[in-house]
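*Asks:* For reference, the file coords.txt (compact mmCIF, C-alpha atoms) is included below:
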```txt
# COMPACT_ATOMS: atom_id res chain seq x y z
CA MET A 1 109.45 116.97 73.12
CA SER A 2 107.57 119.49 70.98
CA LYS A 3 103.78 119.49 70.71
CA GLY A 4 104.07 118.62 67.02
CA THR A 5 106.22 115.57 67.82
CA GLN A 6 103.80 114.48 70.55
CA THR A 7 100.86 114.81 68.15
CA LYS A 8 102.68 112.82 65.48
CA GLN A 9 103.48 110.03 67.94
CA CYS A 10 99.85 109.96 69.08
CA ILE A 11 98.72 109.61 65.46
CA ILE A 12 101.20 106.79 64.78
CA ALA A 13 100.21 104.92 67.95
CA GLU A 14 96.52 105.10 67.03
CA ALA A 15 97.28 104.09 63.44
CA LEU A 16 99.24 101.08 64.71
CA ARG A 17 96.30 100.07 66.90
CA GLN A 18 93.89 100.34 63.99
CA ALA A 19 96.23 98.60 61.54
CA GLY A 20 96.25 95.56 63.81
CA ARG A 21 92.53 95.17 63.11
CA ILE A 22 92.11 96.41 59.55
CA GLY A 23 95.61 96.23 58.05
CA LEU A 24 97.89 98.98 56.84
CA GLU A 25 95.96 99.34 53.58
CA GLY A 26 92.73 99.64 55.52
CA LEU A 27 93.89 102.76 57.36
CA SER A 28 91.59 105.68 56.58
CA ILE A 29 93.06 109.16 56.81
CA GLY A 30 89.60 110.61 57.51
CA LYS A 31 88.74 108.17 60.31
CA LEU A 32 92.20 108.39 61.82
CA ALA A 33 92.07 112.20 61.82
CA LYS A 34 88.67 112.12 63.53
CA ASP A 35 89.85 109.57 66.13
CA VAL A 36 92.83 111.72 67.15
CA GLY A 37 90.92 115.00 67.00
CA LEU A 38 92.50 116.52 63.89
CA SER A 39 91.29 117.64 60.50
CA LYS A 40 92.34 115.59 57.47
CA SER A 41 94.59 118.44 56.35
CA GLY A 42 96.07 118.64 59.85
CA LEU A 43 96.91 114.95 59.77
CA PHE A 44 98.36 115.23 56.26
CA GLY A 45 100.55 118.04 57.59
CA HIS A 46 102.37 115.47 59.71
CA PHE A 47 102.83 112.83 57.00
CA GLY A 48 102.03 114.15 53.54
CA SER A 49 100.64 110.86 52.23
CA LYS A 50 99.02 107.64 53.33
CA GLU A 51 102.15 105.72 52.29
CA GLU A 52 104.33 107.89 54.55
CA LEU A 53 101.93 107.17 57.42
CA GLN A 54 102.13 103.43 56.71
CA LEU A 55 105.93 103.58 56.70
CA GLU A 56 105.96 105.44 60.01
CA VAL A 57 103.60 102.85 61.52
CA LEU A 58 105.95 100.04 60.47
CA LYS A 59 108.96 101.89 61.90
CA PHE A 60 107.15 102.55 65.16
CA GLY A 61 106.01 98.92 65.33
CA SER A 62 109.57 97.76 64.69
CA SER A 63 110.90 99.94 67.50
CA TRP A 64 108.26 98.58 69.86
CA PHE A 65 109.06 95.01 68.77
CA ASN A 66 112.75 95.58 69.49
CA GLU A 67 111.96 96.92 72.96
CA GLU A 68 109.67 94.05 73.93
CA VAL A 69 111.11 91.08 72.04
CA VAL A 70 114.70 91.61 70.92
CA LEU A 71 116.38 93.64 73.68
CA PRO A 72 115.12 91.50 76.61
CA ALA A 73 116.25 88.33 74.77
CA ILE A 74 119.71 89.74 74.12
CA LYS A 75 120.14 90.16 77.88
CA GLU A 76 119.85 86.37 78.27
CA PRO A 77 123.01 84.22 78.15
CA LYS A 78 124.20 83.29 74.66
CA GLY A 79 122.98 79.97 73.33
CA LEU A 80 119.71 78.20 74.06
CA PRO A 81 118.56 80.62 76.81
CA ARG A 82 118.68 83.48 74.31
CA LEU A 83 117.11 81.44 71.50
CA ARG A 84 114.26 80.40 73.80
CA ALA A 85 113.79 84.00 74.93
CA PHE A 86 113.42 85.19 71.32
CA PHE A 87 110.73 82.57 70.73
CA GLN A 88 108.79 83.09 73.96
CA ASN A 89 109.04 86.90 73.77
CA TRP A 90 107.62 86.79 70.24
CA LEU A 91 104.71 84.65 71.45
CA ASP A 92 104.10 87.19 74.23
CA TRP A 93 104.20 89.99 71.63
CA ALA A 94 101.74 88.22 69.34
CA GLU A 95 99.33 87.49 72.20
CA SER A 96 99.51 90.91 73.88
CA LYS A 97 96.17 92.61 74.49
CA GLU A 98 97.86 95.96 73.80
CA ARG A 99 97.98 95.16 70.08
CA GLU A 100 94.65 94.47 68.46
CA GLY A 101 94.98 91.94 65.69
CA GLY A 102 98.21 90.40 66.95
CA CYS A 103 101.55 90.91 65.23
CA LEU A 104 101.46 93.71 62.64
CA PHE A 105 104.35 92.13 60.70
CA VAL A 106 102.56 88.79 60.32
CA SER A 107 99.31 90.39 59.15
CA SER A 108 101.13 92.79 56.83
CA SER A 109 103.18 90.00 55.25
CA THR A 110 100.07 88.60 53.56
CA GLU A 111 98.76 92.07 52.79
CA TYR A 112 101.93 93.06 50.92
CA ASP A 113 103.30 89.73 49.63
CA ASP A 114 102.61 90.72 46.01
CA ARG A 115 102.09 94.48 46.33
CA PRO A 116 105.18 96.43 45.17
CA GLY A 117 106.25 99.70 46.72
CA ALA A 118 108.06 101.36 49.60
CA VAL A 119 105.86 99.79 52.30
CA ARG A 120 106.56 96.29 51.01
CA ASP A 121 110.27 97.06 50.72
CA LEU A 122 110.47 98.19 54.34
CA LEU A 123 108.41 95.22 55.54
CA VAL A 124 110.69 92.80 53.66
CA ALA A 125 113.77 94.42 55.20
CA LEU A 126 112.32 94.23 58.73
CA ILE A 127 111.31 90.57 58.41
CA LYS A 128 114.66 89.59 56.88
CA ASP A 129 116.42 91.34 59.74
CA TRP A 130 114.31 89.41 62.27
CA VAL A 131 115.01 86.03 60.63
CA LYS A 132 118.71 86.94 60.49
CA THR A 133 118.56 87.73 64.22
CA LEU A 134 117.13 84.26 64.88
CA ALA A 135 119.81 82.62 62.73
CA THR A 136 122.53 84.55 64.56
CA ALA A 137 121.14 83.39 67.91
CA ALA A 138 121.19 79.81 66.59
CA SER A 139 124.81 80.27 65.48
CA LEU A 140 125.72 81.37 68.99
CA ALA A 141 123.94 78.28 70.38
CA ILE A 142 126.16 76.16 68.13
CA GLU A 143 129.29 78.04 69.27
CA GLU A 144 128.28 77.50 72.90
CA GLY A 145 127.98 73.76 72.26
CA HIS A 146 124.22 73.73 72.88
CA LEU A 147 123.44 72.66 69.31
CA ARG A 148 125.36 70.35 66.97
CA ASN A 149 127.99 71.74 64.62
CA ASP A 150 126.22 70.26 61.59
CA ILE A 151 123.04 72.25 62.25
CA ASP A 152 122.22 75.00 59.76
CA PRO A 153 121.45 78.19 61.76
CA GLU A 154 119.31 79.55 58.93
CA GLN A 155 117.17 76.41 59.04
CA ILE A 156 116.63 76.95 62.77
CA GLY A 157 115.52 80.53 62.03
CA PHE A 158 113.24 79.28 59.25
CA ALA A 159 111.62 76.70 61.54
CA MET A 160 111.12 79.21 64.36
CA GLN A 161 109.47 81.66 61.98
CA ALA A 162 107.25 78.88 60.64
CA TYR A 163 106.15 77.90 64.16
CA MET A 164 105.39 81.54 64.93
CA LEU A 165 103.27 81.94 61.80
CA GLU A 166 101.36 78.73 62.54
CA HIS A 167 100.81 79.94 66.10
CA THR A 168 99.19 83.09 64.71
CA ILE A 169 96.86 81.12 62.44
CA ARG A 170 95.84 78.72 65.19
CA SER A 171 95.43 81.28 67.95
CA ARG A 172 93.73 84.05 65.97
CA LEU A 173 91.93 82.48 63.01
CA LEU A 174 91.14 79.06 64.49
CA GLU A 175 90.84 80.34 68.08
CA ASP A 176 92.70 77.26 69.29
CA GLY A 177 93.59 77.61 72.97
CA ARG A 178 96.41 75.09 72.53
CA ALA A 179 98.27 77.24 70.00
CA ARG A 180 100.95 78.48 72.39
CA SER A 181 101.61 75.12 74.02
CA GLN A 182 101.83 73.45 70.61
CA ALA A 183 104.19 76.12 69.27
CA THR A 184 106.38 75.76 72.36
CA LEU A 185 106.40 71.98 72.02
CA ALA A 186 107.38 72.26 68.36
CA PHE A 187 110.25 74.58 69.31
CA GLU A 188 111.46 72.29 72.09
CA ASN A 189 111.33 69.28 69.74
CA LEU A 190 113.43 71.28 67.26
CA VAL A 191 115.95 71.99 70.01
CA LEU A 192 115.98 68.36 71.15
CA SER A 193 116.62 67.05 67.63
CA SER A 194 119.39 69.63 67.15
CA ARG A 195 121.28 69.14 70.40
CA ASN A 196 124.62 67.44 70.88
CA PRO A 197 124.16 63.89 72.20
CA VAL A 198 124.82 63.65 75.94
```
If you convert what's in this file into structure tokens, what do you get?
*Replies:*
Amino acid sequence: MSKGTQTKQCIIAEALRQAGRIGLEGLSIGKLAKDVGLSKSGLFGHFGSKEELQLEVLKFGSSWFNEEVVLPAIKEPKGLPRLRAFFQNWLDWAESKEREGGCLFVSSSTEYDDRPGAVRDLLVALIKDWVKTLATAASLAIEEGHLRNDIDPEQIGFAMQAYMLEHTIRSRLLEDGRARSQATLAFENLVLSSRNPV
């Protein structure tokens, strides 16, 4: 790996850390350059614009999310074990001390919900892909006979995403120590109501 590539990755990692606290829009080129030991022009040499930096942060965050949430879940057996793994891995991701401010995608979704542009477009694509992944896992749970045939996989994905968002509000904004247990209970109740009768 070249020194330039290493420097760029260091910048993106620091920007991701800061964005967790202050949002993607709150990123300051001047402060970021100072924090990684570069001049502003040196940092711009790697990205060219603040928007390009924001896009790279989202891409890096997405790659990290896939490594910690998606890929480990896919290794679980198809059906409910995999669906549960997606949910629990996401909770682990959101609660990780490595990421200040929790899940970048949750915080950015309110930051860019009505702000047009390339950053919003990428964020929308990433979130849609995640919800589609959840729906696909629910479809496999139906195929495996773990959930009823009349269950809508997209509704399962919608509910899981809703529980995850509520978990973020309760754990971070309300500082409710029961947030994870309540989110897990909501998910298990969803599963119970969606299962084939024994």
*Asks:* What does the structure give for the distance between atom CA of Leu53 of chain A and atom CA of Gly102 of chain A, in Å to one decimal?
*Replies:*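 Taking atom CA of Leu53 of chain A as the start and atom CA of Gly102 of chain A as the end point, the length is 19.6 Å.
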*Asks:* Which neighbours of Gly42 of chain A fall inside 12 Å, counting all atoms listed in the file, when residues of the same chain fewer than 3 positions from it are skipped, and could you give them as a PyMOL selection string?
*Replies:* chain A and resi 4+7-8+11+29-30+32-34+36-39+45-49
*Asks:* Skip Ser181 of chain A itself and residues of its chain fewer than 4 positions away, then list as an MDAnalysis selection string all residues within 12 Å of it, counting all atoms listed in the file.
*Replies:* chainID A and resid 88 91 163:164 167 170:171 176:177 185:188
*Asks:* Please provide as a PDB file with C-alpha atoms, in the coordinates of the input all residues within 10 Å of Leu27 of chain A, with the sequence filter that same-chain residues fewer than 2 positions apart are discarded (counting all atoms listed in the file).
*Replies:*
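Written output follows (result.pdb):
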```
ATOM      1  CA  ALA A  15      97.280 104.090  63.440  1.00  0.00           C
ATOM      2  CA  LEU A  16      99.240 101.080  64.710  1.00  0.00           C
ATOM      3  CA  GLN A  18      93.890 100.340  63.990  1.00  0.00           C
ATOM      4  CA  ALA A  19      96.230  98.600  61.540  1.00  0.00           C
ATOM      5  CA  GLY A  20      96.250  95.560  63.810  1.00  0.00           C
ATOM      6  CA  ARG A  21      92.530  95.170  63.110  1.00  0.00           C
ATOM      7  CA  ILE A  22      92.110  96.410  59.550  1.00  0.00           C
ATOM      8  CA  GLY A  23      95.610  96.230  58.050  1.00  0.00           C
ATOM      9  CA  LEU A  24      97.890  98.980  56.840  1.00  0.00           C
ATOM     10  CA  GLU A  25      95.960  99.340  53.580  1.00  0.00           C
ATOM     11  CA  ILE A  29      93.060 109.160  56.810  1.00  0.00           C
ATOM     12  CA  GLY A  30      89.600 110.610  57.510  1.00  0.00           C
ATOM     13  CA  LYS A  31      88.740 108.170  60.310  1.00  0.00           C
ATOM     14  CA  LEU A  32      92.200 108.390  61.820  1.00  0.00           C
ATOM     15  CA  LYS A  50      99.020 107.640  53.330  1.00  0.00           C
ATOM     16  CA  LEU A  53     101.930 107.170  57.420  1.00  0.00           C
ATOM     17  CA  GLN A  54     102.130 103.430  56.710  1.00  0.00           C
TER      18      GLN A  54
END
```
*Asks:* Can you work out which one of A:Leu122, A:Ile127, A:Leu190, A:Leu71 has the shortest atom-to-atom distance to Val106 of chain A, counting only C-alpha atoms?
*Replies:*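 Checking each candidate against Val106 of chain A, we get A:Ile127 as the closest.
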*Asks:* Rounded to one decimal place, report the atom CA of Glu95 of chain A-atom CA of Ala125 of chain A distance in Å.
*Replies:* 23.4 Å
*Asks:* Which residue gives the smallest distance to Thr136 of chain A among A:Asp152, A:Glu98, A:Asp121, A:Glu51, with only C-alpha atoms counted?
*Replies:*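 Residue with the minimum atom-to-atom distance to Thr136 of chain A: A:Asp152.
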*Asks:* Hey, can you check how far atom CA of Gly26 of chain A sits from atom CA of Leu174 of chain A?
*Replies:*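 Computing it gives 22.5 Å between the two atoms.
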*Asks:* Just checking: using all atoms listed in the file, which residue out of A:Glu175, A:Arg195, A:Glu52, A:Ser139 ends up closest to Ala118 of chain A?
*Replies:*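 Of the candidates, the smallest distance to Ala118 of chain A is held by A:Glu52.
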